[in-house]
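Peer 1: The file below is start_4.txt, compact mmCIF, C-alpha atoms and all ligand atoms:
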```txt
# COMPACT_ATOMS: atom_id res chain seq x y z
CA MET A 1 -30.21 -17.04 -4.66
CA SER A 2 -31.71 -15.22 -1.69
CA LYS A 3 -30.21 -11.87 -0.85
CA PHE A 4 -27.86 -11.49 2.12
CA LYS A 5 -29.67 -9.50 4.82
CA LYS A 6 -26.70 -7.49 5.92
CA PHE A 7 -24.63 -5.30 3.57
CA ILE A 8 -21.11 -6.73 3.18
CA PRO A 9 -18.59 -3.87 3.01
CA VAL A 10 -15.37 -4.17 0.98
CA ASN A 11 -13.45 -4.35 4.20
CA THR A 12 -14.26 -5.55 7.70
CA PRO A 13 -11.23 -5.55 9.98
CA LEU A 14 -10.79 -8.37 12.47
CA ILE A 15 -10.30 -6.81 15.89
CA ASN A 16 -10.67 -9.24 18.78
CA GLU A 17 -11.04 -9.05 22.56
CA SER A 18 -7.30 -9.29 23.17
CA ASP A 19 -6.71 -6.34 20.80
CA ALA A 20 -9.23 -4.30 22.77
CA LEU A 21 -7.58 -5.33 26.02
CA ALA A 22 -4.15 -4.32 24.73
CA VAL A 23 -5.43 -0.81 23.96
CA TYR A 24 -7.27 -0.66 27.29
CA ASN A 25 -4.09 -1.61 29.17
CA SER A 26 -2.20 1.07 27.31
CA ILE A 27 -4.79 3.69 28.29
CA LYS A 28 -4.75 2.49 31.89
CA SER A 29 -0.98 2.72 32.06
CA GLY A 30 -1.19 6.42 31.21
CA TRP A 31 1.11 5.94 28.18
CA ILE A 32 -1.05 7.26 25.39
CA SER A 33 1.22 9.44 23.24
CA SER A 34 4.27 8.60 21.13
CA GLU A 35 6.44 8.61 24.26
CA GLY A 36 4.99 5.28 25.42
CA PRO A 37 7.20 2.16 25.49
CA ASN A 38 5.14 0.15 23.00
CA VAL A 39 6.05 2.40 20.07
CA LYS A 40 9.71 1.38 20.32
CA LYS A 41 8.72 -2.26 20.92
CA PHE A 42 6.49 -2.29 17.83
CA GLU A 43 9.20 -0.65 15.72
CA THR A 44 11.78 -3.20 16.87
CA LYS A 45 9.46 -6.15 16.20
CA ILE A 46 8.52 -4.92 12.72
CA ALA A 47 12.19 -4.26 11.83
CA LYS A 48 13.08 -7.79 12.94
CA TYR A 49 10.13 -9.37 11.10
CA ILE A 50 10.92 -7.65 7.79
CA GLY A 51 14.68 -7.89 8.25
CA ARG A 52 15.75 -4.26 8.47
CA LYS A 53 18.04 -2.40 10.87
CA TYR A 54 15.70 0.51 11.59
CA ALA A 55 11.96 1.02 11.72
CA SER A 56 10.23 4.29 12.53
CA ALA A 57 6.49 4.50 13.14
CA VAL A 58 4.43 7.44 11.84
CA SER A 59 0.78 8.45 11.71
CA SER A 60 -0.03 6.96 8.25
CA GLY A 61 1.44 5.38 5.15
CA THR A 62 0.97 8.72 3.41
CA ALA A 63 3.03 10.44 6.12
CA ALA A 64 5.68 7.73 5.72
CA LEU A 65 5.98 8.50 2.00
CA GLU A 66 6.33 12.24 2.66
CA VAL A 67 9.01 11.71 5.29
CA ALA A 68 10.79 9.14 3.10
CA ILE A 69 11.14 11.40 0.12
CA LYS A 70 12.00 14.44 2.22
CA SER A 71 14.83 12.43 3.81
CA LEU A 72 16.47 11.95 0.40
CA SER A 73 17.16 15.74 0.22
CA LEU A 74 16.10 16.03 -3.43
CA LYS A 75 16.54 19.33 -5.21
CA LYS A 76 14.10 21.28 -7.37
CA GLY A 77 14.11 19.76 -10.84
CA ASP A 78 15.07 16.29 -9.60
CA GLU A 79 12.82 13.65 -11.11
CA VAL A 80 11.10 10.74 -9.42
CA ILE A 81 9.61 7.91 -11.46
CA LEU A 82 6.39 6.22 -10.33
CA PRO A 83 3.66 4.09 -11.90
CA ALA A 84 0.38 5.67 -13.03
CA PHE A 85 -1.77 3.06 -11.34
CA THR A 86 -1.39 3.72 -7.63
CA ILE A 87 -2.70 5.68 -4.65
CA ILE A 88 -2.52 9.48 -4.85
CA SER A 89 -0.19 9.55 -1.81
CA ASN A 90 2.79 8.60 -4.00
CA VAL A 91 2.60 11.52 -6.39
CA ASN A 92 1.57 13.99 -3.69
CA ALA A 93 4.70 13.19 -1.66
CA ILE A 94 6.91 13.79 -4.71
CA ILE A 95 5.28 17.13 -5.52
CA LYS A 96 5.28 18.33 -1.91
CA THR A 97 9.03 17.84 -1.70
CA GLY A 98 9.53 20.00 -4.79
CA ALA A 99 10.61 17.19 -7.14
CA LYS A 100 9.06 16.36 -10.50
CA PRO A 101 6.92 13.23 -10.87
CA VAL A 102 7.50 11.18 -14.02
CA VAL A 103 4.68 8.74 -14.62
CA VAL A 104 5.09 5.31 -16.25
CA ASP A 105 2.41 2.86 -17.41
CA VAL A 106 1.76 -0.48 -15.69
CA ASP A 107 1.96 -4.02 -16.97
CA ILE A 108 -1.43 -5.22 -18.18
CA LYS A 109 -0.94 -8.62 -16.51
CA THR A 110 0.46 -7.77 -13.08
CA TRP A 111 -0.87 -4.17 -12.72
CA ASN A 112 2.58 -3.24 -11.35
CA ILE A 113 4.93 -0.76 -13.07
CA LYS A 114 5.91 -1.72 -16.63
CA ILE A 115 9.57 -2.38 -16.01
CA GLU A 116 10.62 -2.09 -19.64
CA ASP A 117 9.33 1.51 -19.69
CA ILE A 118 11.30 2.70 -16.65
CA GLU A 119 14.65 3.15 -18.38
CA LYS A 120 13.04 5.07 -21.24
CA LYS A 121 12.23 7.79 -18.69
CA ILE A 122 15.62 7.96 -16.97
CA ASN A 123 17.73 11.05 -17.71
CA LYS A 124 20.38 13.10 -15.92
CA ASN A 125 17.78 14.55 -13.54
CA THR A 126 16.31 11.22 -12.41
CA ARG A 127 17.09 10.56 -8.75
CA CYS A 128 14.56 8.11 -7.43
CA LEU A 129 12.10 5.35 -8.23
CA MET A 130 9.00 5.25 -6.05
CA LEU A 131 7.72 1.72 -6.30
CA PRO A 132 4.41 0.48 -4.89
CA HIS A 133 3.61 -3.24 -5.02
CA ILE A 134 0.03 -3.26 -6.28
CA TYR A 135 -2.92 -5.11 -4.70
CA GLY A 136 -1.03 -8.24 -3.66
CA LEU A 137 1.79 -8.97 -6.08
CA THR A 138 5.39 -7.89 -5.71
CA ASN A 139 7.30 -6.24 -8.50
CA ASN A 140 10.11 -8.25 -10.07
CA MET A 141 12.74 -6.99 -7.64
CA ASP A 142 15.75 -8.51 -9.42
CA ARG A 143 14.97 -6.49 -12.53
CA ILE A 144 14.09 -3.38 -10.51
CA LEU A 145 17.25 -3.49 -8.39
CA LYS A 146 19.40 -3.90 -11.51
CA ILE A 147 17.93 -0.72 -13.01
CA VAL A 148 18.20 1.20 -9.75
CA LYS A 149 21.85 0.20 -9.25
CA LYS A 150 22.89 0.81 -12.85
CA ASN A 151 21.39 4.30 -12.82
CA LYS A 152 22.36 5.15 -9.22
CA LEU A 153 18.80 5.90 -8.17
CA PHE A 154 17.28 5.89 -4.73
CA LEU A 155 14.52 3.34 -4.30
CA ILE A 156 11.49 4.10 -2.14
CA GLU A 157 9.69 0.79 -1.86
CA ASP A 158 6.01 1.18 -1.02
CA ALA A 159 4.98 -2.06 0.66
CA ALA A 160 1.75 -0.61 2.12
CA GLU A 161 -0.41 -3.25 0.43
CA VAL A 162 1.79 -6.30 0.89
CA PHE A 163 2.78 -6.63 4.53
CA GLY A 164 3.85 -10.23 5.11
CA LEU A 165 4.41 -11.04 1.44
CA LYS A 166 7.78 -12.36 0.31
CA TYR A 167 9.66 -11.77 -2.94
CA LYS A 168 11.52 -15.06 -3.30
CA ASN A 169 12.71 -15.52 0.31
CA LYS A 170 12.82 -11.86 1.39
CA TYR A 171 9.97 -9.83 2.80
CA CYS A 172 8.57 -6.87 0.88
CA GLY A 173 9.72 -3.82 2.76
CA SER A 174 13.32 -5.03 2.78
CA PHE A 175 14.33 -3.70 -0.64
CA GLY A 176 14.18 0.10 -0.62
CA ASP A 177 16.78 2.61 0.54
CA ILE A 178 13.64 3.45 2.45
CA SER A 179 10.57 1.19 2.44
CA ILE A 180 7.19 2.06 3.86
CA LEU A 181 4.19 0.27 5.33
CA SER A 182 0.63 1.32 6.19
CA PHE A 183 -1.54 0.18 9.09
CA TYR A 184 -4.84 1.63 7.86
CA ALA A 185 -7.99 -0.34 8.71
CA ASN A 186 -7.90 -2.39 5.50
CA LYS A 187 -4.27 -3.47 5.87
CA HIS A 188 -3.08 -6.88 7.05
CA ILE A 189 -1.98 -5.44 10.38
CA THR A 190 -4.11 -2.47 11.34
CA THR A 191 -3.85 0.11 14.06
CA GLY A 192 -6.71 2.23 12.72
CA GLU A 193 -4.26 4.58 11.05
CA GLY A 194 -0.49 4.35 11.02
CA GLY A 195 2.59 3.76 8.95
CA MET A 196 6.24 2.71 9.21
CA LEU A 197 9.50 3.65 7.52
CA LEU A 198 12.18 0.98 7.20
CA THR A 199 15.83 1.41 6.29
CA ASN A 200 19.31 0.00 6.90
CA ASN A 201 20.96 3.40 6.52
CA PRO A 202 21.67 5.15 9.86
CA LYS A 203 21.93 8.59 8.26
CA LEU A 204 18.57 8.24 6.53
CA ASN A 205 17.11 6.90 9.75
CA ASP A 206 18.31 9.99 11.67
CA LYS A 207 16.64 12.21 9.09
CA ILE A 208 13.42 10.20 9.27
CA ILE A 209 13.29 10.53 13.06
CA ASN A 210 13.96 14.25 12.77
CA TYR A 211 11.37 15.04 10.10
CA LYS A 212 8.57 13.03 11.65
CA ASN A 213 8.96 14.96 14.90
CA LEU A 214 9.14 18.65 13.95
CA CYS A 215 12.96 18.64 13.68
CA PHE A 216 13.33 19.35 17.38
CA GLY A 217 16.80 20.07 18.75
CA LYS A 218 18.43 18.03 21.50
CA GLY A 219 18.61 18.66 25.26
CA GLN A 220 18.61 22.33 26.19
CA ASP A 221 18.26 23.16 22.47
CA ARG A 222 15.01 21.24 22.09
CA PHE A 223 13.04 24.23 20.89
CA LYS A 224 15.71 25.36 18.46
CA ASN A 225 14.39 23.41 15.50
CA SER A 226 16.67 22.53 12.58
CA ASP A 227 14.19 22.52 9.67
CA ILE A 228 10.51 22.36 8.70
CA GLY A 229 9.26 19.01 9.93
CA TRP A 230 5.91 17.44 10.69
CA ASN A 231 4.19 16.05 13.72
CA TYR A 232 3.62 12.62 12.17
CA ARG A 233 4.11 10.79 15.46
CA TYR A 234 2.50 7.44 16.25
CA THR A 235 0.77 6.75 19.54
CA ASN A 236 1.35 4.13 22.22
CA LEU A 237 -2.34 3.16 21.84
CA GLN A 238 -1.80 2.31 18.17
CA ALA A 239 1.44 0.46 18.91
CA SER A 240 -0.32 -1.67 21.56
CA LEU A 241 -2.88 -2.74 18.98
CA GLY A 242 -0.17 -3.45 16.40
CA LEU A 243 1.95 -5.50 18.79
CA ASN A 244 -1.02 -7.66 19.70
CA GLN A 245 -1.91 -8.33 16.06
CA LEU A 246 1.68 -9.14 15.22
CA LYS A 247 1.39 -12.16 17.53
CA ARG A 248 -1.08 -13.73 15.09
CA ILE A 249 0.52 -12.53 11.87
CA ASN A 250 0.86 -16.06 10.44
CA ASN A 251 -2.89 -16.65 10.79
CA ILE A 252 -3.68 -13.23 9.33
CA ILE A 253 -1.59 -13.94 6.25
CA LYS A 254 -3.02 -17.45 5.91
CA LYS A 255 -6.54 -15.99 5.92
CA LYS A 256 -5.67 -13.37 3.25
CA PHE A 257 -4.28 -16.13 1.03
CA HIS A 258 -7.35 -18.26 1.73
CA ILE A 259 -9.85 -15.55 0.71
CA GLY A 260 -7.94 -14.66 -2.46
CA ASN A 261 -7.29 -18.23 -3.52
CA TYR A 262 -10.93 -19.17 -2.97
CA TYR A 263 -12.15 -16.39 -5.27
CA TYR A 264 -9.39 -17.10 -7.80
CA LYS A 265 -10.21 -20.81 -7.99
CA HIS A 266 -13.86 -20.04 -8.78
CA PHE A 267 -13.37 -17.03 -11.07
CA LYS A 268 -10.33 -18.00 -13.12
CA ASN A 269 -12.36 -19.62 -15.89
CA LEU A 270 -14.98 -16.88 -16.23
CA LYS A 271 -14.60 -15.59 -19.77
CA ASN A 272 -15.36 -11.90 -19.40
CA ILE A 273 -12.99 -10.91 -16.63
CA ILE A 274 -9.27 -10.45 -16.13
CA LEU A 275 -7.63 -11.22 -12.77
CA GLN A 276 -4.15 -10.57 -11.44
CA PRO A 277 -2.07 -13.77 -11.56
CA ASN A 278 -2.49 -16.01 -8.55
CA LYS A 279 1.26 -16.56 -8.43
CA LEU A 280 4.40 -15.62 -10.29
CA PRO A 281 7.78 -17.39 -10.36
CA TYR A 282 8.95 -15.09 -7.54
CA CYS A 283 5.87 -14.60 -5.34
CA LYS A 284 2.36 -15.70 -4.48
CA ASN A 285 -0.50 -13.18 -4.58
CA ILE A 286 -1.38 -12.13 -1.02
CA TYR A 287 -4.59 -10.40 -2.27
CA TRP A 288 -4.62 -7.20 -0.27
CA VAL A 289 -7.76 -6.62 -2.30
CA PHE A 290 -9.35 -8.93 -4.86
CA GLY A 291 -9.55 -6.97 -8.10
CA ILE A 292 -11.66 -7.83 -11.14
CA VAL A 293 -11.27 -6.15 -14.55
CA VAL A 294 -14.20 -6.48 -16.95
CA LYS A 295 -13.02 -7.33 -20.48
CA LYS A 296 -13.73 -4.98 -23.42
CA LYS A 297 -15.79 -7.62 -25.20
CA SER A 298 -17.99 -8.35 -22.17
CA LYS A 299 -21.70 -7.73 -22.81
CA ILE A 300 -22.24 -6.78 -19.19
CA LYS A 301 -20.43 -3.52 -18.42
CA ILE A 302 -18.76 -2.55 -15.16
CA GLU A 303 -21.54 -0.09 -14.15
CA ASP A 304 -24.14 -2.87 -14.35
CA VAL A 305 -21.93 -5.32 -12.47
CA ILE A 306 -21.46 -2.85 -9.62
CA LYS A 307 -25.18 -2.05 -9.58
CA LYS A 308 -26.07 -5.74 -9.43
CA LEU A 309 -23.60 -6.46 -6.64
CA ASN A 310 -24.89 -3.49 -4.70
CA GLN A 311 -28.49 -4.71 -5.12
CA LYS A 312 -27.30 -8.00 -3.64
CA ASN A 313 -25.81 -6.19 -0.63
CA ILE A 314 -22.20 -6.66 -1.74
CA GLY A 315 -19.89 -3.67 -1.47
CA THR A 316 -17.42 -2.78 -4.22
CA ARG A 317 -14.76 -0.12 -4.78
CA PRO A 318 -13.50 1.29 -8.04
CA PHE A 319 -9.79 0.92 -8.79
CA PHE A 320 -7.25 3.70 -8.29
CA TRP A 321 -7.71 6.55 -10.74
CA PRO A 322 -4.44 6.86 -12.71
CA VAL A 323 -2.06 9.60 -11.60
CA HIS A 324 -1.74 11.09 -15.12
CA LYS A 325 -5.56 11.43 -15.39
CA GLN A 326 -5.96 13.38 -12.13
CA LYS A 327 -7.41 16.69 -13.25
CA PHE A 328 -5.88 18.74 -10.43
CA LEU A 329 -2.40 17.56 -11.36
CA ILE A 330 -2.85 18.47 -15.03
CA LYS A 331 -4.47 21.81 -14.22
CA ASN A 332 -1.61 22.77 -11.92
CA LYS A 333 0.94 21.59 -14.52
CA TYR A 334 2.50 18.92 -12.33
CA ILE A 335 1.72 16.31 -14.98
CA LYS A 336 1.53 16.62 -18.75
CA ARG A 337 -1.37 15.17 -20.71
CA ILE A 338 -0.16 11.72 -21.78
CA ARG A 339 -1.71 8.40 -22.68
CA LEU A 340 -0.88 5.32 -20.67
CA PRO A 341 -3.31 2.75 -22.06
CA ASN A 342 -2.86 -0.10 -19.60
CA SER A 343 -3.40 2.06 -16.51
CA GLU A 344 -6.41 3.71 -18.14
CA TYR A 345 -7.94 0.41 -19.16
CA ILE A 346 -7.51 -1.19 -15.73
CA ALA A 347 -8.81 1.91 -13.94
CA ASN A 348 -11.85 2.30 -16.19
CA ASN A 349 -12.88 -1.34 -16.02
CA GLY A 350 -11.71 -2.54 -12.63
CA PHE A 351 -13.32 -2.86 -9.22
CA TYR A 352 -12.73 -4.93 -6.13
CA ILE A 353 -14.97 -7.05 -3.97
CA PRO A 354 -14.99 -7.67 -0.19
CA SER A 355 -11.88 -9.42 1.10
CA GLY A 356 -11.39 -8.08 4.64
CA LEU A 357 -10.09 -10.31 7.40
CA GLY A 358 -13.48 -10.13 9.13
CA LEU A 359 -15.25 -11.90 6.24
CA ASN A 360 -16.86 -15.20 7.30
CA SER A 361 -17.21 -18.34 5.20
CA LYS A 362 -20.95 -17.80 4.52
CA GLU A 363 -20.30 -14.29 3.21
CA LEU A 364 -17.38 -15.52 1.13
CA GLU A 365 -19.46 -18.24 -0.51
CA TYR A 366 -22.35 -15.84 -1.14
CA ILE A 367 -20.08 -13.28 -2.82
CA LYS A 368 -18.45 -16.00 -4.90
CA ASN A 369 -21.82 -17.37 -6.07
CA THR A 370 -23.12 -13.90 -6.92
CA VAL A 371 -20.05 -12.98 -8.98
CA VAL A 372 -20.13 -16.31 -10.83
CA ASP A 373 -23.86 -15.80 -11.54
CA ILE A 374 -23.23 -12.36 -13.05
CA PHE A 375 -20.38 -13.42 -15.33
CA LYS A 376 -21.28 -17.00 -16.28
C1 LIG B 401 0.34 1.64 -2.18
C2 LIG B 401 -0.11 2.51 -1.07
N1 LIG B 401 0.75 3.40 -0.56
C3 LIG B 401 0.41 4.22 0.45
C4 LIG B 401 -0.85 4.19 0.99
C5 LIG B 401 -1.23 5.18 2.04
O1 LIG B 401 -1.43 4.61 3.27
P1 LIG B 401 -2.34 5.36 4.37
O2 LIG B 401 -3.75 5.11 4.02
O3 LIG B 401 -1.92 4.70 5.65
O4 LIG B 401 -1.96 6.80 4.35
C6 LIG B 401 -1.79 3.28 0.50
C7 LIG B 401 -3.15 3.20 1.08
O5 LIG B 401 -3.91 2.32 0.86
C8 LIG B 401 -1.42 2.42 -0.56
O6 LIG B 401 -2.29 1.57 -1.10
```
For this file, produce the structure as structure tokens.
Peer 2:
Amino acid sequence: MSKFKKFIPVNTPLINESDALAVYNSIKSGWISSEGPNVKKFETKIAKYIGRKYASAVSSGTAALEVAIKSLSLKKGDEVILPAFTIISNVNAIIKTGAKPVVVDVDIKTWNIKIEDIEKKINKNTRCLMLPHIYGLTNNMDRILKIVKKNKLFLIEDAAEVFGLKYKNKYCGSFGDISILSFYANKHITTGEGGMLLTNNPKLNDKIINYKNLCFGKGQDRFKNSDIGWNYRYTNLQASLGLNQLKRINNIIKKKFHIGNYYYKHFKNLKNIILQPNKLPYCKNIYWVFGIVVKKKSKIKIEDVIKKLNQKNIGTRPFFWPVHKQKFLIKNKYIKRIRLPNSEYIANNGFYIPSGLGLNSKELEYIKNTVVDIFK
């Protein structure tokens, strides 16, 4: 097979002329900061789409997690459970608020939190479950909500990777006391950077609005601030881009499914790899990224696979490094040394291949053929 001339990165966003025009119009209008009218419009549209009462835009998904957990008013010594296999933003937000992260392994099949291990970690100090949906599959929300309710925990649902995906007939992002989204360049809707907090609780929503904007006072008391907050505001320029993409959300989601299903169809019978399920009884895989785990018994090891793909001009990314293996967290005594075999195995042997919305059919076929060639 001849080599593709151009390097294919793991993500190419799809930004079109009308997106550019939307941002241009926003600049021309003079509304460039968070005060512009499109921020509110974007928040309202996202809240309606997901099915929540309130949506509040912030500067990133990471910022959204920090504001979310801060809004729960946790105390020192309160514990927050999270899976080991996820982005660093989750654990950082917990630590920054002064709470204690309690890390749980993931399910070897779905790569989401191992639900049967959650209750083993619940004690009188447990206050919250921080729950990311990983790579394109939702967690089993019926089981999760039962645990959360029984143990009176807050749920922060991290739907950063699964915008537009439904659990049964409800959108991800509609389950948490607070749920969050991300609009980073590799997300289904992107505004370069950006995030959103979603809730149905007016009191939590007031806190969210306060913390994301420096806890300013009202009216004449504007500069008498009530607490330590952040400037995590979102700009009118970003909102203009988001609003324009939201118009074609159905096509965006269709394309994500198409890319993932195409790879899955061609890779599912390759003997030396493990893939996330293509669907589960309660959801389809929306394939935020298309992950491949190389089996233990495979003769070709992950380093060689990545090298070969790179030689063929195909970009790859390693998987998340598990939270409990992050050296800085152990060194600073935020996390004890533990073994969580599934997270470690997935992280050590997993990588993902290009699946951005900007991928064209020639690139897709070339990547598919190259991967099949390596593993056949
Ligand atoms: C599960 C999850 N949560 C949060 C984030 C953070 O989002 P951002 O990059 O917008 O800060 C990411 C980023 O990819 C993510 O994958």
Peer 1: Residues at most 10 Å from Met141 in chain A, counting only C-alpha atoms, excluding those fewer than 2 positions away in the same chain, as a list in words?
Peer 2: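 Once the nearby chain positions are removed, what remains is Thr138, Asn139, Arg143, Ile144, Leu145, Lys146, Ile147, Tyr167, Lys168, Cys172, Phe175 and Tyr282 of chain A.
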Peer 1: Write the residues of the selection above to a file with C-alpha atoms, as a PDB file, in the coordinates of the input.
Peer 2:
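Output file result29.pdb is given in full below:
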```
ATOM      1  CA  THR A 138       5.390  -7.890  -5.710  1.00  0.00           C
ATOM      2  CA  ASN A 139       7.300  -6.240  -8.500  1.00  0.00           C
ATOM      3  CA  ARG A 143      14.970  -6.490 -12.530  1.00  0.00           C
ATOM      4  CA  ILE A 144      14.090  -3.380 -10.510  1.00  0.00           C
ATOM      5  CA  LEU A 145      17.250  -3.490  -8.390  1.00  0.00           C
ATOM      6  CA  LYS A 146      19.400  -3.900 -11.510  1.00  0.00           C
ATOM      7  CA  ILE A 147      17.930  -0.720 -13.010  1.00  0.00           C
ATOM      8  CA  TYR A 167       9.660 -11.770  -2.940  1.00  0.00           C
ATOM      9  CA  LYS A 168      11.520 -15.060  -3.300  1.00  0.00           C
ATOM     10  CA  CYS A 172       8.570  -6.870   0.880  1.00  0.00           C
ATOM     11  CA  PHE A 175      14.330  -3.700  -0.640  1.00  0.00           C
ATOM     12  CA  TYR A 282       8.950 -15.090  -7.540  1.00  0.00           C
TER      13      TYR A 282
END
```
Peer 1: Give me, as JSON lines, the closest atom pair and its distance (Å, one decimal) for every residue of chain A within a cut-off of 8 Å of ligand LIG 401 (chain B), counting only C-alpha atoms and all ligand atoms, rows sorted by chain and rising number.
Peer 2:
```
{"residue": "A:Ser59", "atom": "CA", "partner": "B:LIG401", "partner_atom": "O3", "distance": 7.6}
{"residue": "A:Ser60", "atom": "CA", "partner": "B:LIG401", "partner_atom": "O3", "distance": 3.9}
{"residue": "A:Gly61", "atom": "CA", "partner": "B:LIG401", "partner_atom": "O3", "distance": 3.5}
{"residue": "A:Thr62", "atom": "CA", "partner": "B:LIG401", "partner_atom": "O4", "distance": 3.6}
{"residue": "A:Ala63", "atom": "CA", "partner": "B:LIG401", "partner_atom": "O4", "distance": 6.4}
{"residue": "A:Ala64", "atom": "CA", "partner": "B:LIG401", "partner_atom": "O4", "distance": 7.8}
{"residue": "A:Leu65", "atom": "CA", "partner": "B:LIG401", "partner_atom": "C3", "distance": 7.2}
{"residue": "A:Thr86", "atom": "CA", "partner": "B:LIG401", "partner_atom": "C1", "distance": 6.1}
{"residue": "A:Ile87", "atom": "CA", "partner": "B:LIG401", "partner_atom": "C8", "distance": 5.4}
{"residue": "A:Ser89", "atom": "CA", "partner": "B:LIG401", "partner_atom": "C3", "distance": 5.8}
{"residue": "A:Asn90", "atom": "CA", "partner": "B:LIG401", "partner_atom": "N1", "distance": 6.6}
{"residue": "A:Pro132", "atom": "CA", "partner": "B:LIG401", "partner_atom": "C1", "distance": 5.0}
{"residue": "A:His133", "atom": "CA", "partner": "B:LIG401", "partner_atom": "C1", "distance": 6.5}
{"residue": "A:Ile134", "atom": "CA", "partner": "B:LIG401", "partner_atom": "C1", "distance": 6.4}
{"residue": "A:Tyr135", "atom": "CA", "partner": "B:LIG401", "partner_atom": "O6", "distance": 7.6}
{"residue": "A:Asp158", "atom": "CA", "partner": "B:LIG401", "partner_atom": "N1", "distance": 5.7}
{"residue": "A:Ala159", "atom": "CA", "partner": "B:LIG401", "partner_atom": "C1", "distance": 6.6}
{"residue": "A:Ala160", "atom": "CA", "partner": "B:LIG401", "partner_atom": "C2", "distance": 4.8}
{"residue": "A:Glu161", "atom": "CA", "partner": "B:LIG401", "partner_atom": "O6", "distance": 5.4}
{"residue": "A:Ile180", "atom": "CA", "partner": "B:LIG401", "partner_atom": "C3", "distance": 7.9}
{"residue": "A:Leu181", "atom": "CA", "partner": "B:LIG401", "partner_atom": "C3", "distance": 7.3}
{"residue": "A:Ser182", "atom": "CA", "partner": "B:LIG401", "partner_atom": "O3", "distance": 4.3}
{"residue": "A:Phe183", "atom": "CA", "partner": "B:LIG401", "partner_atom": "O3", "distance": 5.7}
{"residue": "A:Tyr184", "atom": "CA", "partner": "B:LIG401", "partner_atom": "O3", "distance": 4.8}
{"residue": "A:Asn186", "atom": "CA", "partner": "B:LIG401", "partner_atom": "O5", "distance": 7.7}
{"residue": "A:Lys187", "atom": "CA", "partner": "B:LIG401", "partner_atom": "O5", "distance": 7.7}
{"residue": "A:Glu193", "atom": "CA", "partner": "B:LIG401", "partner_atom": "O3", "distance": 5.9}
{"residue": "A:Gly194", "atom": "CA", "partner": "B:LIG401", "partner_atom": "O3", "distance": 5.6}
{"residue": "A:Gly195", "atom": "CA", "partner": "B:LIG401", "partner_atom": "O3", "distance": 5.7}
```
Peer 1: Keeping only C-alpha atoms, write the selected residues to a file as a PDB file, keeping the file's coordinate frame.
Peer 2:
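Ended up saving to part10.pdb:
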```pdb
ATOM      1  CA  SER A  59       0.780   8.450  11.710  1.00  0.00           C
ATOM      2  CA  SER A  60      -0.030   6.960   8.250  1.00  0.00           C
ATOM      3  CA  GLY A  61       1.440   5.380   5.150  1.00  0.00           C
ATOM      4  CA  THR A  62       0.970   8.720   3.410  1.00  0.00           C
ATOM      5  CA  ALA A  63       3.030  10.440   6.120  1.00  0.00           C
ATOM      6  CA  ALA A  64       5.680   7.730   5.720  1.00  0.00           C
ATOM      7  CA  LEU A  65       5.980   8.500   2.000  1.00  0.00           C
ATOM      8  CA  THR A  86      -1.390   3.720  -7.630  1.00  0.00           C
ATOM      9  CA  ILE A  87      -2.700   5.680  -4.650  1.00  0.00           C
ATOM     10  CA  SER A  89      -0.190   9.550  -1.810  1.00  0.00           C
ATOM     11  CA  ASN A  90       2.790   8.600  -4.000  1.00  0.00           C
ATOM     12  CA  PRO A 132       4.410   0.480  -4.890  1.00  0.00           C
ATOM     13  CA  HIS A 133       3.610  -3.240  -5.020  1.00  0.00           C
ATOM     14  CA  ILE A 134       0.030  -3.260  -6.280  1.00  0.00           C
ATOM     15  CA  TYR A 135      -2.920  -5.110  -4.700  1.00  0.00           C
ATOM     16  CA  ASP A 158       6.010   1.180  -1.020  1.00  0.00           C
ATOM     17  CA  ALA A 159       4.980  -2.060   0.660  1.00  0.00           C
ATOM     18  CA  ALA A 160       1.750  -0.610   2.120  1.00  0.00           C
ATOM     19  CA  GLU A 161      -0.410  -3.250   0.430  1.00  0.00           C
ATOM     20  CA  ILE A 180       7.190   2.060   3.860  1.00  0.00           C
ATOM     21  CA  LEU A 181       4.190   0.270   5.330  1.00  0.00           C
ATOM     22  CA  SER A 182       0.630   1.320   6.190  1.00  0.00           C
ATOM     23  CA  PHE A 183      -1.540   0.180   9.090  1.00  0.00           C
ATOM     24  CA  TYR A 184      -4.840   1.630   7.860  1.00  0.00           C
ATOM     25  CA  ASN A 186      -7.900  -2.390   5.500  1.00  0.00           C
ATOM     26  CA  LYS A 187      -4.270  -3.470   5.870  1.00  0.00           C
ATOM     27  CA  GLU A 193      -4.260   4.580  11.050  1.00  0.00           C
ATOM     28  CA  GLY A 194      -0.490   4.350  11.020  1.00  0.00           C
ATOM     29  CA  GLY A 195       2.590   3.760   8.950  1.00  0.00           C
TER      30      GLY A 195
END
```
Peer 1: Just how far from CA of Pro37 in chain A is CA of Thr190 in chain A, in Å to one decimal?
Peer 2: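 Between CA of Thr190 in chain A and CA of Pro37 in chain A the gap is 18.7 Å.
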Peer 1: Enter the distance from CA of Ile27 in chain A to CA of Gln238 in chain A, in Å, rounded to one decimal.
Peer 2: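 That distance, rounded to one decimal, is 10.6 Å.
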Peer 1: Identify, on the basis of only C-alpha atoms, every residue whose closest approach to Gly164 in chain A does not exceed 12 Å; exclude the query and any residue fewer than 6 positions from it along the same chain; express the result as a count of residues only.
Peer 2: 33
Peer 1: So that I can check the surroundings of Ile338 in chain A, please list as a PyMOL selection string every protein, DNA and RNA residue that reaches within 7 Å of it, counting all atoms listed in the file and ignoring chain neighbours fewer than 2 positions away.
Peer 2: chain A and resi 324+336+340
Peer 1: Give the answer as one residue: which of A:Ser73, A:Ser2, A:Gln326, A:Ser33 has the shortest atom-to-atom distance to Val91 in chain A, using only C-alpha atoms?
Peer 2: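 That would be A:Gln326, the residue with the smallest distance to Val91 in chain A.
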